[in-house]
>>> print(open('final32.pdb').read())   # PDB, C-alpha atoms, pLDDT in the B column
ATOM      1  CA  VAL A   6       0.000   0.000   0.000  1.00 92.00           C
ATOM      2  CA  GLU A   7       3.010   2.305   0.263  1.00 92.00           C
ATOM      3  CA  ILE A   8       6.511   2.459  -1.208  1.00 94.00           C
ATOM      4  CA  GLY A   9       9.235   4.680   0.224  1.00 94.00           C
ATOM      5  CA  CYS A  10      12.861   4.998  -0.866  1.00 96.00           C
ATOM      6  CA  VAL A  11      15.665   7.379   0.093  1.00 95.00           C
ATOM      7  CA  GLU A  12      18.801   7.508  -2.048  1.00 95.00           C
ATOM      8  CA  LEU A  13      22.195   7.244  -0.331  1.00 93.00           C
ATOM      9  CA  ARG A  14      25.478   8.125  -2.012  1.00 92.00           C
ATOM     10  CA  ASP A  15      28.642   7.251  -0.093  1.00 88.00           C
ATOM     11  CA  HIS A  16      26.399   6.580   2.927  1.00 88.00           C
ATOM     12  CA  VAL A  17      24.936  10.110   2.819  1.00 89.00           C
ATOM     13  CA  ALA A  18      21.298  10.807   1.934  1.00 89.00           C
ATOM     14  CA  THR A  19      20.740  12.843  -1.207  1.00 91.00           C
ATOM     15  CA  GLU A  20      17.655  14.908  -1.982  1.00 92.00           C
ATOM     16  CA  ASN A  21      16.350  12.078  -4.203  1.00 95.00           C
ATOM     17  CA  LEU A  22      13.515  10.056  -2.805  1.00 95.00           C
ATOM     18  CA  TYR A  23      10.604   8.022  -4.062  1.00 96.00           C
ATOM     19  CA  HIS A  24       7.281   7.881  -2.264  1.00 95.00           C
ATOM     20  CA  GLN A  25       4.011   6.461  -3.513  1.00 96.00           C
ATOM     21  CA  TYR A  26       0.789   5.197  -1.977  1.00 95.00           C
ATOM     22  CA  VAL A  27      -0.699   2.253  -3.864  1.00 95.00           C
ATOM     23  CA  ASN A  28      -4.274   1.035  -4.223  1.00 95.00           C
ATOM     24  CA  PRO A  29      -4.097  -2.667  -3.218  1.00 92.00           C
ATOM     25  CA  GLU A  30      -7.295  -3.366  -5.195  1.00 93.00           C
ATOM     26  CA  GLN A  31      -8.807  -5.158  -2.207  1.00 91.00           C
ATOM     27  CA  PRO A  32     -10.344  -4.157   1.147  1.00 91.00           C
ATOM     28  CA  MET A  33      -7.900  -3.260   3.916  1.00 88.00           C
ATOM     29  CA  PRO A  34      -7.921  -5.791   6.780  1.00 89.00           C
ATOM     30  CA  LYS A  35      -8.485  -4.220  10.194  1.00 90.00           C
ATOM     31  CA  GLU A  36      -5.153  -5.570  11.483  1.00 87.00           C
ATOM     32  CA  ALA A  37      -3.222  -3.945   8.619  1.00 88.00           C
ATOM     33  CA  PHE A  38      -5.103  -0.658   9.051  1.00 87.00           C
ATOM     34  CA  GLU A  39      -4.052  -0.580  12.715  1.00 86.00           C
ATOM     35  CA  ILE A  40      -0.387  -0.857  11.638  1.00 85.00           C
ATOM     36  CA  HIS A  41      -0.287   1.848   8.958  1.00 87.00           C
ATOM     37  CA  GLY A  42      -3.546   3.795   9.328  1.00 85.00           C
ATOM     38  CA  LEU A  43      -4.266   3.851   5.575  1.00 88.00           C
ATOM     39  CA  SER A  44      -8.007   3.473   4.984  1.00 90.00           C
ATOM     40  CA  ASP A  45      -9.903   2.012   2.038  1.00 90.00           C
ATOM     41  CA  GLU A  46     -11.315   5.496   1.343  1.00 93.00           C
ATOM     42  CA  PHE A  47      -7.782   6.927   1.048  1.00 91.00           C
ATOM     43  CA  LEU A  48      -6.219   4.035  -0.864  1.00 91.00           C
ATOM     44  CA  ILE A  49      -8.964   3.728  -3.490  1.00 93.00           C
ATOM     45  CA  LYS A  50      -7.923   7.163  -4.800  1.00 95.00           C
ATOM     46  CA  GLN A  51      -4.300   6.002  -5.310  1.00 95.00           C
ATOM     47  CA  PRO A  52      -2.822   4.418  -8.455  1.00 97.00           C
ATOM     48  CA  VAL A  53      -2.554   0.642  -8.680  1.00 96.00           C
ATOM     49  CA  MET A  54       0.829  -1.083  -8.705  1.00 95.00           C
ATOM     50  CA  ALA A  55       0.782  -1.599 -12.475  1.00 95.00           C
ATOM     51  CA  GLU A  56       0.708   2.196 -12.868  1.00 97.00           C
ATOM     52  CA  VAL A  57       3.696   2.902 -10.590  1.00 96.00           C
ATOM     53  CA  MET A  58       5.976  -0.123 -10.948  1.00 96.00           C
ATOM     54  CA  ASP A  59       8.065   1.210 -13.854  1.00 97.00           C
ATOM     55  CA  GLU A  60       8.662   4.510 -12.059  1.00 97.00           C
ATOM     56  CA  PHE A  61       9.719   2.618  -8.914  1.00 97.00           C
ATOM     57  CA  LEU A  62      12.059   0.341 -10.894  1.00 97.00           C
ATOM     58  CA  ASP A  63      13.572   3.354 -12.663  1.00 97.00           C
ATOM     59  CA  PHE A  64      14.230   4.990  -9.304  1.00 97.00           C
ATOM     60  CA  ILE A  65      16.058   1.998  -7.780  1.00 97.00           C
ATOM     61  CA  GLY A  66      17.918   1.159 -10.998  1.00 96.00           C
ATOM     62  CA  GLU A  67      20.683  -1.363 -10.285  1.00 95.00           C
ATOM     63  CA  ALA A  68      21.492   0.014  -6.815  1.00 95.00           C
ATOM     64  CA  THR A  69      22.037  -2.129  -3.760  1.00 95.00           C
ATOM     65  CA  LEU A  70      18.862  -1.937  -1.681  1.00 96.00           C
ATOM     66  CA  VAL A  71      19.105  -1.408   2.078  1.00 96.00           C
ATOM     67  CA  ILE A  72      15.921  -2.910   3.528  1.00 96.00           C
ATOM     68  CA  HIS A  73      14.840  -3.731   7.061  1.00 95.00           C
ATOM     69  CA  ASN A  74      13.667  -7.360   6.880  1.00 94.00           C
ATOM     70  CA  ALA A  75      14.483  -7.532   3.174  1.00 94.00           C
ATOM     71  CA  GLU A  76      13.068 -10.976   2.436  1.00 93.00           C
ATOM     72  CA  PHE A  77       9.636  -9.914   3.730  1.00 92.00           C
ATOM     73  CA  ASP A  78       9.440  -6.732   1.622  1.00 93.00           C
ATOM     74  CA  LEU A  79      10.932  -8.342  -1.474  1.00 95.00           C
ATOM     75  CA  ARG A  80       8.268 -11.084  -1.360  1.00 94.00           C
ATOM     76  CA  PHE A  81       5.574  -8.410  -1.771  1.00 92.00           C
ATOM     77  CA  ILE A  82       7.460  -6.552  -4.499  1.00 95.00           C
ATOM     78  CA  ASN A  83       8.269  -9.769  -6.369  1.00 96.00           C
ATOM     79  CA  ALA A  84       4.659 -10.950  -6.177  1.00 95.00           C
ATOM     80  CA  GLU A  85       3.642  -7.706  -7.896  1.00 95.00           C
ATOM     81  CA  LEU A  86       6.464  -7.981 -10.441  1.00 96.00           C
ATOM     82  CA  ASN A  87       5.479 -11.575 -11.183  1.00 96.00           C
ATOM     83  CA  GLY A  88       1.842 -10.538 -11.681  1.00 95.00           C
ATOM     84  CA  LEU A  89       2.986  -7.872 -14.132  1.00 95.00           C
ATOM     85  CA  GLY A  90       5.238 -10.314 -16.020  1.00 96.00           C
ATOM     86  CA  LYS A  91       8.396  -8.407 -15.066  1.00 96.00           C
ATOM     87  CA  PRO A  92      11.751  -9.824 -13.889  1.00 95.00           C
ATOM     88  CA  LEU A  93      11.949 -10.376 -10.136  1.00 96.00           C
ATOM     89  CA  LEU A  94      14.366  -8.602  -7.792  1.00 95.00           C
ATOM     90  CA  ASN A  95      17.066 -10.923  -6.462  1.00 93.00           C
ATOM     91  CA  VAL A  96      17.252 -11.046  -2.665  1.00 91.00           C
ATOM     92  CA  ASP A  97      21.074 -10.985  -2.972  1.00 92.00           C
ATOM     93  CA  ARG A  98      20.755  -7.426  -4.220  1.00 94.00           C
ATOM     94  CA  ALA A  99      19.451  -6.318  -0.819  1.00 95.00           C
ATOM     95  CA  LEU A 100      21.408  -5.602   2.327  1.00 95.00           C
ATOM     96  CA  ASP A 101      19.151  -6.642   5.203  1.00 96.00           C
ATOM     97  CA  THR A 102      19.546  -4.417   8.264  1.00 96.00           C
ATOM     98  CA  VAL A 103      17.745  -6.966  10.472  1.00 96.00           C
ATOM     99  CA  GLN A 104      20.417  -9.512   9.571  1.00 95.00           C
ATOM    100  CA  LEU A 105      23.200  -6.946  10.106  1.00 95.00           C
ATOM    101  CA  ALA A 106      21.783  -6.035  13.524  1.00 95.00           C
ATOM    102  CA  ARG A 107      21.456  -9.681  14.594  1.00 95.00           C
ATOM    103  CA  GLU A 108      25.047 -10.368  13.578  1.00 93.00           C
ATOM    104  CA  LYS A 109      26.350  -7.274  15.327  1.00 93.00           C
ATOM    105  CA  PHE A 110      24.180  -7.642  18.471  1.00 93.00           C
ATOM    106  CA  PRO A 111      23.328 -11.363  18.855  1.00 93.00           C
ATOM    107  CA  GLY A 112      20.244 -11.972  20.984  1.00 94.00           C
ATOM    108  CA  ALA A 113      19.248  -8.290  21.087  1.00 95.00           C
ATOM    109  CA  PRO A 114      15.984  -7.029  19.573  1.00 95.00           C
ATOM    110  CA  ALA A 115      16.388  -6.045  15.915  1.00 95.00           C
ATOM    111  CA  SER A 116      13.142  -4.174  15.223  1.00 94.00           C
ATOM    112  CA  LEU A 117      13.454  -0.688  13.765  1.00 94.00           C
ATOM    113  CA  ASP A 118      12.159   0.797  17.031  1.00 93.00           C
ATOM    114  CA  ALA A 119      14.641  -1.218  19.108  1.00 95.00           C
ATOM    115  CA  LEU A 120      17.548  -0.163  16.891  1.00 95.00           C
ATOM    116  CA  CYS A 121      16.477   3.483  17.029  1.00 94.00           C
ATOM    117  CA  LYS A 122      16.539   3.210  20.818  1.00 94.00           C
ATOM    118  CA  ARG A 123      19.946   1.488  20.789  1.00 94.00           C
ATOM    119  CA  PHE A 124      21.477   4.214  18.605  1.00 94.00           C
ATOM    120  CA  ASN A 125      19.628   7.096  20.284  1.00 94.00           C
ATOM    121  CA  ILE A 126      17.717   7.985  17.107  1.00 93.00           C
ATOM    122  CA  ASP A 127      14.560  10.014  17.719  1.00 92.00           C
ATOM    123  CA  ASN A 128      11.570   8.041  16.478  1.00 90.00           C
ATOM    124  CA  SER A 129       9.034   9.716  18.766  1.00 87.00           C
ATOM    125  CA  LYS A 130       6.903  10.811  15.791  1.00 81.00           C
ATOM    126  CA  ARG A 131       6.544   7.210  14.597  1.00 80.00           C
ATOM    127  CA  ASP A 132       3.166   6.082  15.866  1.00 75.00           C
ATOM    128  CA  LYS A 133       2.195   4.188  12.688  1.00 76.00           C
ATOM    129  CA  HIS A 134       4.176   2.310  10.065  1.00 78.00           C
ATOM    130  CA  ASN A 135       4.945   4.823   7.312  1.00 86.00           C
ATOM    131  CA  ALA A 136       7.253   3.799   4.464  1.00 89.00           C
ATOM    132  CA  LEU A 137       9.009   7.123   3.899  1.00 89.00           C
ATOM    133  CA  ALA A 138       9.394   7.996   7.595  1.00 90.00           C
ATOM    134  CA  ASP A 139      10.730   4.482   8.193  1.00 93.00           C
ATOM    135  CA  CYS A 140      13.259   4.989   5.367  1.00 92.00           C
ATOM    136  CA  HIS A 141      14.602   8.098   7.055  1.00 92.00           C
ATOM    137  CA  LEU A 142      14.931   6.228  10.364  1.00 94.00           C
ATOM    138  CA  LEU A 143      16.496   3.231   8.626  1.00 95.00           C
ATOM    139  CA  LYS A 144      19.180   5.328   6.943  1.00 94.00           C
ATOM    140  CA  GLU A 145      20.282   6.489  10.425  1.00 93.00           C
ATOM    141  CA  VAL A 146      20.181   2.933  11.783  1.00 96.00           C
ATOM    142  CA  TYR A 147      22.125   1.643   8.769  1.00 95.00           C
ATOM    143  CA  ILE A 148      24.901   4.232   9.173  1.00 93.00           C
ATOM    144  CA  ASN A 149      25.168   3.318  12.860  1.00 94.00           C
ATOM    145  CA  LEU A 150      25.281  -0.397  12.050  1.00 94.00           C
ATOM    146  CA  LEU A 151      28.225   0.324   9.765  1.00 90.00           C
ATOM    147  CA  ASP A 152      29.863   2.556  12.416  1.00 81.00           C
ATOM    148  CA  GLN A 153      29.849   5.318   9.789  1.00 54.00           C
ATOM    149  CA  LYS A 154      28.172   8.148  11.657  1.00 54.00           C
ATOM    150  CA  GLU A 155      29.742  10.814   9.453  1.00 46.00           C
ATOM    151  CA  PRO A 156      30.610  10.812   5.768  1.00 44.00           C
ATOM    152  CA  LYS A 157      34.248  10.217   4.959  1.00 43.00           C
ATOM    153  CA  PHE A 158      35.837  12.900   2.776  1.00 48.00           C
ATOM    154  CA  ASN A 159      39.386  13.510   1.692  1.00 45.00           C
ATOM    155  CA  LEU A 160      39.561  17.174   2.676  1.00 50.00           C
ATOM    156  CA  GLU A 161      42.875  17.782   0.912  1.00 47.00           C
ATOM    157  CA  THR A 162      41.413  17.028  -2.519  1.00 45.00           C
ATOM    158  CA  ASN A 163      37.648  17.181  -1.911  1.00 43.00           C
ATOM    159  CA  GLU A 164      37.363  13.698  -3.395  1.00 42.00           C
ATOM    160  CA  ASN A 165      35.402  11.017  -1.657  1.00 41.00           C
ATOM    161  CA  ILE A 166      37.505   8.381   0.001  1.00 40.00           C
ATOM    162  CA  ASP A 167      37.094   4.974  -1.530  1.00 42.00           C
ATOM    163  CA  LEU A 168      35.061   3.297   1.205  1.00 41.00           C
ATOM    164  CA  LYS A 169      34.072  -0.168   0.118  1.00 40.00           C
ATOM    165  CA  LEU A 170      31.746  -2.617   1.809  1.00 43.00           C
ATOM    166  CA  ASN A 171      31.626  -6.110   0.392  1.00 40.00           C
ATOM    167  CA  TYR A 172      27.839  -6.552   0.458  1.00 41.00           C
ATOM    168  CA  ASN A 173      27.950 -10.261  -0.340  1.00 41.00           C
ATOM    169  CA  THR A 174      30.193 -11.009   2.632  1.00 42.00           C
ATOM    170  CA  HIS A 175      28.966  -8.327   5.018  1.00 43.00           C
ATOM    171  CA  LYS A 176      28.877 -10.975   7.761  1.00 42.00           C
ATOM    172  CA  LYS A 177      32.617 -10.492   8.142  1.00 42.00           C
ATOM    173  CA  SER A 178      32.281  -6.669   8.166  1.00 45.00           C
ATOM    174  CA  ASN A 179      34.860  -6.120   5.429  1.00 48.00           C
ATOM    175  CA  VAL A 180      35.109  -2.348   5.704  1.00 49.00           C
ATOM    176  CA  LEU A 181      38.183  -0.482   4.488  1.00 52.00           C
ATOM    177  CA  ARG A 182      38.950   2.805   6.219  1.00 56.00           C
ATOM    178  CA  LYS A 183      41.439   5.548   5.478  1.00 58.00           C
ATOM    179  CA  ILE A 184      42.757   7.861   8.180  1.00 64.00           C
ATOM    180  CA  ILE A 185      42.822  11.521   7.220  1.00 70.00           C
ATOM    181  CA  LYS A 186      45.269  14.052   8.596  1.00 76.00           C
ATOM    182  CA  LEU A 187      43.923  17.597   8.418  1.00 79.00           C
ATOM    183  CA  SER A 188      46.079  20.480   7.330  1.00 84.00           C
ATOM    184  CA  ASP A 189      46.494  23.520   9.601  1.00 86.00           C
ATOM    185  CA  ASP A 190      44.223  25.540   7.300  1.00 87.00           C
ATOM    186  CA  GLU A 191      41.543  22.883   7.451  1.00 83.00           C
ATOM    187  CA  LEU A 192      41.749  22.789  11.262  1.00 83.00           C
ATOM    188  CA  LYS A 193      41.306  26.571  11.373  1.00 86.00           C
ATOM    189  CA  LEU A 194      38.292  26.349   9.064  1.00 84.00           C
ATOM    190  CA  HIS A 195      36.848  23.573  11.189  1.00 80.00           C
ATOM    191  CA  LYS A 196      37.221  25.629  14.393  1.00 81.00           C
ATOM    192  CA  LYS A 197      35.648  28.620  12.647  1.00 82.00           C
ATOM    193  CA  TYR A 198      32.729  26.453  11.514  1.00 79.00           C
TER     194      TYR A 198
END
>>> encode(input="final32.pdb", output="C-alpha cells")
Amino acid sequence: VEIGCVELRDHVATENLYHQYVNPEQPMPKEAFEIHGLSDEFLIKQPVMAEVMDEFLDFIGEATLVIHNAEFDLRFINAELNGLGKPLLNVDRALDTVQLAREKFPGAPASLDALCKRFNIDNSKRDKHNALADCHLLKEVYINLLDQKEPKFNLETNENIDLKLNYNTHKKSNVLRKIIKLSDDELKLHKKY
C-alpha cells in the first residue's frame, strides 16, 4: 500500500527520494489498518501497482537496496512484479539491516524501534508504520550499524575516500577505512565552523 525509498550516495542521503501510496485493489484488513492507518477510502484514490511499478524500478535502478527485513518486503514486491510479467528482484541485491543487527548484536531485539533506541535515534513521531518515515529512520540505523556516523571525505582534494563494503560477505564486516590528517588551514576552518 506504500513504497518509500531514500537515495544514499557514499552513505549520505541525497535529496532524491521516491514515495508512492498504492491502491491494493482489495479491502484493507483491520489488522493492517491498525499498523499503517491507511483506509480504504484513502487508498482507493491512489494508483494501482501496475501504474507505478516502472517509475519505482527506474528509481532503484541497479542500486544495492538497504531494507529492514528484506526478504519480507521483497516477497511483496516480487509478487507484484510476477503478476505484471516483469523480472523479479534478487534477494542478494538487498542488504538486510535486520540480519546486520542480529550479527552485530546477537540476541538483542532487531526491530526498527529497538535499533532506534539502541542508537539514540529520535523516532518519537513514529506512531504508525509509514514507508518514507521508516526509510529516514532506517538510513540512520544503517549508518550506525556500519559505524559510519559521518561521511568520509578527503579534505585535501575534496574527493570522496574509496570506502568499500563487500555486500555479499557483510557478515565479516569487510570495511576499508582511510585515516585523514587535516592540514592547519583545514583545522582553522573547522574551528571557525
>>> resolve_selection(input="final32.pdb", expression="the PyMOL selection byres ((chain A and resi 107-121) around 8)", output="PyMOL selection string")
chain A and resi 73+103-106+122-128+142-143+146+150+176
>>> atom_distance(input="final32.pdb", atom1="atom CA of A:Glu76", atom2="atom CA of A:Tyr147")
16.8 Å
>>> atom_distance(input="final32.pdb", atom1="atom CA of A:Lys130", atom2="atom CA of A:Tyr26")
19.6 Å
>>> atom_distance(input="final32.pdb", atom1="atom CA of A:Phe81", atom2="atom CA of A:Glu46")
22.1 Å
>>> resolve_selection(input="final32.pdb", expression="the PyMOL selection byres ((chain A and resi 44) around 12)", output="PyMOL selection string")
chain A and resi 6+26-29+31-43+45-51
>>> closest_residue(input="final32.pdb", among="A:Ile148, A:Leu194, A:Ala136, A:Ala55", to="A:Cys10", atoms="only C-alpha atoms")
A:Ala136
>>> residues_around(input="final32.pdb", residues="stretch 86-91 of chain A", least_positions_apart="3", cutoff="10 Å", atoms="all atoms listed in the file", output="list in words")
Met54, Ala55, Met58, Asp59, Arg80, Phe81, Ile82, Asn83 and Leu94 of chain A
>>> write_last_selection(input="final32.pdb", atoms="C-alpha atoms", output="compact mmCIF listing (two decimals), in the coordinates of the input")
# COMPACT_ATOMS: atom_id res chain seq x y z
CA MET A 54 0.83 -1.08 -8.70
CA ALA A 55 0.78 -1.60 -12.48
CA MET A 58 5.98 -0.12 -10.95
CA ASP A 59 8.06 1.21 -13.85
CA ARG A 80 8.27 -11.08 -1.36
CA PHE A 81 5.57 -8.41 -1.77
CA ILE A 82 7.46 -6.55 -4.50
CA ASN A 83 8.27 -9.77 -6.37
CA LEU A 94 14.37 -8.60 -7.79
>>> axis_aligned_box(input="final32.pdb", around="stretch 133-144 of chain A", padding_each_side="4 Å", output="AutoDock Vina command-line options")
--center_x 10.7 --center_y 5.2 --center_z 8.3 --size_x 25.0 --size_y 13.8 --size_z 16.8
>>> closest_residue(input="final32.pdb", among="A:Leu13, A:Thr19, A:Phe64, A:Ile72", to="A:Asp139", atoms="only C-alpha atoms")
A:Ile72
>>> closest_residue(input="final32.pdb", among="A:Gly9, A:Glu56, A:Val96, A:Asp132", to="A:Tyr23", atoms="all atoms listed in the file")
A:Gly9
>>> closest_residue(input="final32.pdb", among="A:Ile8, A:His134, A:Ile65, A:Asn149", to="A:Asn21", atoms="all atoms listed in the file")
A:Ile65
>>> closest_residue(input="final32.pdb", among="A:His16, A:Gln25, A:Pro92, A:Lys193", to="A:Leu137", atoms="all atoms listed in the file")
A:Gln25
>>> decode(input="final32.pdb", residues="stretch 71-85 of chain A", atoms="N, CA, C and O atoms", output="CSV table (one decimal), in the first residue's frame")
chain,number,residue,atom,x,y,z
A,71,VAL,N,19.0,-1.2,0.6
A,71,VAL,CA,19.1,-1.4,2.1
A,71,VAL,C,17.7,-1.5,2.6
A,71,VAL,O,16.9,-0.5,2.5
A,72,ILE,N,17.3,-2.7,3.1
A,72,ILE,CA,15.9,-2.9,3.5
A,72,ILE,C,15.9,-3.6,4.9
A,72,ILE,O,16.7,-4.5,5.2
A,73,HIS,N,15.0,-3.1,5.7
A,73,HIS,CA,14.8,-3.7,7.1
A,73,HIS,C,13.9,-4.9,6.9
A,73,HIS,O,12.7,-4.7,6.5
A,74,ASN,N,14.4,-6.1,7.1
A,74,ASN,CA,13.7,-7.4,6.9
A,74,ASN,C,13.4,-7.5,5.4
A,74,ASN,O,12.3,-7.6,4.9
A,75,ALA,N,14.5,-7.6,4.6
A,75,ALA,CA,14.5,-7.5,3.2
A,75,ALA,C,13.6,-8.6,2.6
A,75,ALA,O,12.9,-8.4,1.6
A,76,GLU,N,13.8,-9.9,3.0
A,76,GLU,CA,13.1,-11.0,2.4
A,76,GLU,C,11.6,-10.7,2.5
A,76,GLU,O,10.9,-11.0,1.5
A,77,PHE,N,11.1,-10.2,3.6
A,77,PHE,CA,9.6,-9.9,3.7
A,77,PHE,C,9.2,-8.9,2.7
A,77,PHE,O,8.2,-9.2,2.0
A,78,ASP,N,9.9,-7.8,2.6
A,78,ASP,CA,9.4,-6.7,1.6
A,78,ASP,C,9.6,-7.2,0.2
A,78,ASP,O,8.8,-6.9,-0.7
A,79,LEU,N,10.7,-7.9,-0.1
A,79,LEU,CA,10.9,-8.3,-1.5
A,79,LEU,C,9.9,-9.4,-1.9
A,79,LEU,O,9.6,-9.5,-3.1
A,80,ARG,N,9.3,-10.1,-1.0
A,80,ARG,CA,8.3,-11.1,-1.4
A,80,ARG,C,7.1,-10.3,-1.9
A,80,ARG,O,6.5,-10.7,-2.9
A,81,PHE,N,6.7,-9.2,-1.3
A,81,PHE,CA,5.6,-8.4,-1.8
A,81,PHE,C,5.9,-7.8,-3.1
A,81,PHE,O,5.1,-7.9,-4.1
A,82,ILE,N,7.1,-7.2,-3.2
A,82,ILE,CA,7.5,-6.6,-4.5
A,82,ILE,C,7.5,-7.6,-5.6
A,82,ILE,O,7.0,-7.4,-6.7
A,83,ASN,N,8.1,-8.7,-5.3
A,83,ASN,CA,8.3,-9.8,-6.4
A,83,ASN,C,6.9,-10.4,-6.8
A,83,ASN,O,6.7,-10.8,-7.9
A,84,ALA,N,6.0,-10.5,-5.8
A,84,ALA,CA,4.7,-10.9,-6.2
A,84,ALA,C,4.0,-10.0,-7.2
A,84,ALA,O,3.4,-10.4,-8.2
A,85,GLU,N,4.2,-8.7,-7.0
A,85,GLU,CA,3.6,-7.7,-7.9
A,85,GLU,C,4.4,-7.8,-9.2
A,85,GLU,O,3.7,-7.7,-10.3
